[in-house]
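What follows is one structure encoded as structure tokens, with my remarks underneath.
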Amino acid sequence: MNQTEHGGNRTKLAREAGCLPEELLDFSVNLNPCGPPPGANGNFLRSFDLLGAYPEPHAESLHRFLAEATGIPEECLQAGNGSNELLMYLPALTGAKRALIVTPGYLEYEPACRRAGLEIEYVPLRREDGFTLSLEKLEQSIRPGDLVIVGNPGNPTGTAVKAAELAALAGRHPDATFLIDEAFADFLPPEYRFSGIECDNLILLRSLTKFYAMPGLRMGYVAAPARLIATLRKQLPCWQLSTPAERMIRYCLSSTEEFAERSRRETAQLRQEFSGMLAKIPQLVCYPSLANYLLLECPLPDLAGRLLKEEHIAVRRCADYPGLGENFFRVAVRSRAENLRLATALARLCDAKAPFISQKRRTPALMIQGTCSNAGKSVLAAAFCRIMLEDGISVAPFKAQNMALNSFVTPDGGEIGRAQAVQAEACRLDPDVRMNPILLKPESDHGSQVIVRGRPVGSMRAKEFFRRKPEFWREVTASYDSLSREREAIVLEGAGSPGEINLKSTDIVNMRMAEYADARVLLAGDIDRGGVYASFIGTYATFEPWERKLLHGFVVNKFRGDPALLGNAHAEVERFTGKPVLGVIDFLPGPGLPEEDSVGFSFAKKAKPGAAIDIALIRLGHIANFTDYAPLEAEPDTVVRSVSSPEEFGTPDVVILPGSKSVAADFAMLEQSKLAGKIREAVHRGCRYVGICGGLQLAGDVLLDPDRVESSNPVAPMFGFLPLVTTMKGEKILRRTTGTTADGTPVSGYEIHFGRTECNDPSVKVIRSSDGRPVGFERGNCFTTYLHGIFDDDRFRRKWLDEVRVKKGLAPLGEVTAHYGVEAALARLAAHVRERIDIPALYRAMGVR
């Protein structure tokens, strides 16, 4: 079966295998295992949009473009409807009487030559030589006037000859014509590829559908001496290429050098791993290859047929190739997981005990991605974590890379995103740095502090971070492998949107991570924002074929209304994408779970009935861990207002300065915006000042940063409300902490800070940790601490708020009036999601026990 026949035979193959076409794993067609270039699907769709404006392909401009892209003169180039169609014309144009064909090779060489009336002679490759072409033996067969046809690399052998050696052979035989089929040459190292027409008797035939993984589009071209190209153009029909094919040729050859290099590198690595696995099966012979396919030999009868029937895997049988027989078959190099599946199936059918068979099945995984940031990925991931826990499944959360200022300290002192800590709580697990191996904490519009496996490794601008992505990918995969070995299932969370085509080539958190985990992907969209169905279809349009295979379906999130009204929209989404909308999740106001990051700042915008305490939370430019104050919002007698300008400040009872990733810069911003003056006036009139972490440092006299840990300014004055001196040091403090206030009240929380703060004034009361360290300072109406989460404790929070009430002349409430905790919220959330999504069907798709 050749590639041209493949599309029509796929359904037939699936029928023979007793499966649906999408369940067939097809190793019979040799395409780039990396898939098409990034954005190729979108460009393909756009080219169809342009059909009305450009009804005919522009051959002349296309050939000029090909000349610029290849360095070959325009008069020596001709594009065509695939290299196979061009092949059918070429033998008759050479004037040859005999064709010398290297075999085994592409089966269409012979029909093309017979059509031209040429005598056929084969130059057989020897099994004993690993089907490597001997130029010496080929040269012995060449006669004047011959057409010599060489596949480089050969198909199905995958062997190749260096271009300089072939050029030298052609130079020694100027009275013969050499047709070099380079259909798969883009996969070869550079020394095996021709850069141009180096001899007057040389023809190069090239395909763009294999390397760029778009076989249905039919794109190819021939490079040959100008006289032959001129003759060929007279033979070809009008409008040789469609507009979509022409535009895709331009796209593939103009902006994909990074894709090309990555494809060659990754294909070579996949081929080496794949052939290494196959070599461990004693009954198999795997012949050396430089291409994206391998030639195999096995003496067992009808192994290819058994693969199709028993394993639903199709391979290319090679009995119809001259020089090969029933024992030979060719397999494509595909993804790592698919290669492992085929190798395992072959070993099983060969009754071989290959070491990779004992490899444990990949842990079932579910991944929540979103059409945009803040689509509800974190909350949905927490819901699925809790659902699986309730169903008796040992589950853990995972997010490869998180960008958030809202972090959490693990029991061993590592730092991860707050969202993963909540998801760990949903699994009733201690937070673990493996759950979020890469954490980025923005420090400016262009740079972030980078935390790897819970520890800061430095501050990086975007360019440096992207350069080091391969290094971070190793940390991500090692963390995932370690975590997944301990669990029966993993719930992964993506970041932003997988449709960001500018980020796809360096992705380590969305579809690349889903592929690595072999996860079923749910794409969530926020219908409350509007445009959710367009976002579903648009995101899907950016996906490459391998990404579409991973997508299990869509989830509509944050809906207000009757889900029955959405049926028509769901049908349209499935018609466009072939993927179903799996459920509709209601808008759940105040679910009781911490938000993922400050984009979702959600404190009250209007007064609550009976609220007596007005709290102004200053929104700093580099705010960190703002969820420290969500418990205050839960109380019946408080209003927590987000304040970012003097006009919003009002006359609060409490002003809170939260954590900050850049204290000196944020203080300068407060001064510039005039908010600093408002804060000073309020504190001097008796308003309660609360500072946590960065807010503690802001309350002091001065911030020293001699090592430039956080700022380029070595000395920065602060508010001066307390006589504190803070020095920034290189080693970050990360720990869970318990302690007591000066009056003996128990407190607890977690520390995340570089600063060390000293106070030598005895009038200042000190909050101390259980090991005696100062972790907070208070005097008069100023309360500061390094403990994030200090207000999570219901009793401490009520006691503190009652002190504010008494100062206002109000009676204390005395008893706990609000319970802050995520357990009840998780239970409610899980119950709602369970109602709206078919969980048993999802388990079946994941392969959960």
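Just remember, in the structure tokens the first chain shown is A, the second B, etc., residues are 1-based per chain, and ligands are 1-based in the order shown.
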
Near-Glu390 in chain A list (10 Å; only C-alpha atoms; drop same-chain fewer than 2 positions) as a ChimeraX atom specification: /A:384-388,392-394,426-427,827,830

Please identify all polymer residues within 10 Å of Asp802 in chain A, counting only C-alpha atoms, omitting same-chain residues fewer than 2 positions from it, and present them as a count of residues only. 17

Picked from range 361-550 of chain A by DSSP as helix (DSSP H, G or I), as a ChimeraX atom specification: /A:377-390,418-426,433-435,462-467,469-484,504-506,511-517,527-529,532-541,545-550

Backbone-only DSSP, strand (DSSP E) members of range 518-671 of chain A, as a ChimeraX atom specification: /A:520-526,551-559,581-586,613-618,623-624,638-643,654-657,659-660

So that I can see what lies close to Leu295 in chain A, please list as a PyMOL selection string the residues with an atom at most 6 Å from it, counting only C-alpha atoms and leaving out residues fewer than 6 positions away in the same chain. chain A and resi 157+287+330

I want to know what sits within 7 Å of range 659-664 of chain A, based on only C-alpha atoms, with residues of the same chain fewer than 5 positions away left out; could you give that as a PyMOL selection string? chain A and resi 443+622-625+692-695+698+710-711+716

Using C-alpha atoms, can you export the residues from the last selection as a PDB file, in the first residue's frame?
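Written output follows (again-v9.pdb):
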ATOM      1  CA  GLU A 443       9.203  41.055  39.762  1.00  0.00           C
ATOM      2  CA  HIS A 622       3.900  43.370  43.099  1.00  0.00           C
ATOM      3  CA  ILE A 623       1.361  41.993  45.549  1.00  0.00           C
ATOM      4  CA  ALA A 624       2.070  38.517  46.907  1.00  0.00           C
ATOM      5  CA  ASN A 625      -0.102  36.087  48.854  1.00  0.00           C
ATOM      6  CA  ILE A 692       2.396  40.979  56.536  1.00  0.00           C
ATOM      7  CA  CYS A 693       5.819  40.083  55.143  1.00  0.00           C
ATOM      8  CA  GLY A 694       6.455  42.936  52.672  1.00  0.00           C
ATOM      9  CA  GLY A 695       3.933  44.986  54.656  1.00  0.00           C
ATOM     10  CA  LEU A 698       7.205  48.746  54.677  1.00  0.00           C
ATOM     11  CA  GLU A 710      15.357  42.469  45.207  1.00  0.00           C
ATOM     12  CA  SER A 711      16.221  45.951  44.037  1.00  0.00           C
ATOM     13  CA  ALA A 716      15.380  52.605  50.684  1.00  0.00           C
TER      14      ALA A 716
END

Distance in Å - CA of Arg143 in chain A versus CA of Asp175 in chain A: 8.3 Å

Find, counting only C-alpha atoms, the residue in A:Ile142, A:Ala495, A:Ala352, A:Ala421 that gets nearest to Pro174 in chain A. A:Ile142

Could you give me, as a Markdown table, a per-residue list for range 387-456 of chain A showing, wherever an atom lies at most 12 Å from an atom of range 508-521 of chain A, the closest pair of atoms and their distance in Å to one decimal, using only C-alpha atoms and sorting by chain then residue number from low to high?
| residue | atom | partner | partner_atom | distance |
| --- | --- | --- | --- | --- |
| A:Phe398 | CA | A:Val509 | CA | 10.0 |
| A:Lys399 | CA | A:Val509 | CA | 7.0 |
| A:Ala400 | CA | A:Val509 | CA | 5.1 |
| A:Gln401 | CA | A:Val509 | CA | 5.7 |
| A:Asn402 | CA | A:Val509 | CA | 8.4 |
| A:Met403 | CA | A:Val509 | CA | 11.0 |
| A:Asn436 | CA | A:Val509 | CA | 10.4 |
| A:Pro437 | CA | A:Val509 | CA | 10.7 |
| A:Ile438 | CA | A:Val509 | CA | 9.6 |
| A:Leu439 | CA | A:Val509 | CA | 11.4 |

Would you write out those residues with C-alpha atoms, as a PDB file, in the first residue's frame?
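Once written, again-v4.pdb looks like this:
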ATOM      1  CA  PHE A 398       0.469  18.601  39.264  1.00  0.00           C
ATOM      2  CA  LYS A 399       1.207  21.851  37.446  1.00  0.00           C
ATOM      3  CA  ALA A 400       4.472  21.927  35.529  1.00  0.00           C
ATOM      4  CA  GLN A 401       4.894  25.695  35.545  1.00  0.00           C
ATOM      5  CA  ASN A 402       2.933  28.277  37.475  1.00  0.00           C
ATOM      6  CA  MET A 403       3.206  32.053  37.290  1.00  0.00           C
ATOM      7  CA  ASN A 436       4.617  22.473  41.034  1.00  0.00           C
ATOM      8  CA  PRO A 437       8.275  22.086  39.997  1.00  0.00           C
ATOM      9  CA  ILE A 438       8.575  25.484  38.272  1.00  0.00           C
ATOM     10  CA  LEU A 439       7.147  28.596  39.942  1.00  0.00           C
TER      11      LEU A 439
END

Which one is closest to Ala462 in chain A: A:Pro442, A:Ser207, A:Arg98, A:Gln420? Count only C-alpha atoms.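 Closest to Ala462 in chain A, using only C-alpha atoms: A:Pro442.
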
Please provide the set of residues having any atom within 6 Å of range 477-489 of chain A, restricted to only C-alpha atoms, with same-chain residues fewer than 3 positions apart removed, written as a list of chain:residue names. A:Thr363, A:Pro364, A:Ala365, A:Ser394, A:Val395, A:Arg434, A:Arg474

Give me a file of those residues, with all heavy atoms, as a compact mmCIF listing (two decimals), in the first residue's frame.
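This is the output file part-v3.txt:
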# COMPACT_ATOMS: atom_id res chain seq x y z
N THR A 363 0.70 6.18 34.62
CA THR A 363 -0.35 6.49 35.58
C THR A 363 -1.48 7.24 34.88
O THR A 363 -1.22 8.23 34.19
CB THR A 363 0.21 7.34 36.72
OG1 THR A 363 1.28 6.63 37.34
CG2 THR A 363 -0.86 7.65 37.74
N PRO A 364 -2.74 6.79 35.03
CA PRO A 364 -3.85 7.52 34.41
C PRO A 364 -3.84 8.98 34.81
O PRO A 364 -3.60 9.31 35.98
CB PRO A 364 -5.09 6.80 34.95
CG PRO A 364 -4.61 5.41 35.26
CD PRO A 364 -3.20 5.58 35.74
N ALA A 365 -4.10 9.84 33.84
CA ALA A 365 -3.98 11.28 34.11
C ALA A 365 -5.10 12.04 33.42
O ALA A 365 -5.52 11.71 32.31
CB ALA A 365 -2.62 11.79 33.62
N SER A 394 -6.18 6.97 44.82
CA SER A 394 -5.03 7.72 45.33
C SER A 394 -4.57 8.69 44.26
O SER A 394 -4.04 8.29 43.23
CB SER A 394 -3.89 6.75 45.69
OG SER A 394 -2.71 7.46 46.00
N VAL A 395 -4.81 9.99 44.48
CA VAL A 395 -4.61 10.98 43.44
C VAL A 395 -3.75 12.13 43.96
O VAL A 395 -3.72 12.39 45.17
CB VAL A 395 -5.98 11.51 42.95
CG1 VAL A 395 -6.75 12.17 44.09
CG2 VAL A 395 -5.84 12.48 41.77
N ARG A 434 7.10 18.67 44.23
CA ARG A 434 6.96 17.98 42.95
C ARG A 434 5.63 18.33 42.27
O ARG A 434 5.49 18.15 41.06
CB ARG A 434 7.04 16.46 43.15
CG ARG A 434 8.41 15.98 43.61
CD ARG A 434 8.36 14.50 43.93
NE ARG A 434 7.43 14.20 45.03
CZ ARG A 434 7.09 12.97 45.41
NH1 ARG A 434 7.59 11.92 44.77
NH2 ARG A 434 6.26 12.79 46.42
N ARG A 474 13.51 19.06 32.01
CA ARG A 474 14.03 17.86 32.70
C ARG A 474 13.57 17.83 34.15
O ARG A 474 13.24 16.76 34.69
CB ARG A 474 15.56 17.83 32.59
CG ARG A 474 16.07 17.55 31.19
CD ARG A 474 17.56 17.26 31.20
NE ARG A 474 18.36 18.42 31.53
CZ ARG A 474 18.79 19.30 30.64
NH1 ARG A 474 18.48 19.17 29.36
NH2 ARG A 474 19.53 20.33 31.01

Give me the residues within 10 Å of Cys199 in chain A as a PyMOL selection string, counting only C-alpha atoms and dropping any in the same chain fewer than 4 places off. chain A and resi 167-168+170-171+174+177-178+203+224-225

Leu440 in chain A: which residues within 9 Å, counting only C-alpha atoms, same-chain residues fewer than 4 positions away excluded, as a ChimeraX atom specification? /A:401-405,417,448-452

Selection above as a file: C-alpha atoms, as a compact mmCIF listing (two decimals), in the first residue's frame:
# COMPACT_ATOMS: atom_id res chain seq x y z
CA GLN A 401 4.89 25.69 35.55
CA ASN A 402 2.93 28.28 37.47
CA MET A 403 3.21 32.05 37.29
CA ALA A 404 1.75 33.53 40.45
CA LEU A 405 2.75 35.71 43.34
CA GLY A 417 1.87 27.88 43.94
CA SER A 448 10.51 36.97 37.34
CA GLN A 449 12.07 35.14 40.22
CA VAL A 450 12.38 31.50 39.16
CA ILE A 451 11.77 28.80 41.74
CA VAL A 452 12.71 25.22 40.81

Closest to Arg418 in chain A among A:His788, A:Arg114, A:His832, A:Arg262, using only C-alpha atoms?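 Closest candidate: A:His788.
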
For Pro609 in chain A, which of A:Leu270, A:Val822, A:Val639, A:Leu787 is the closest residue, counting only C-alpha atoms? A:Val639
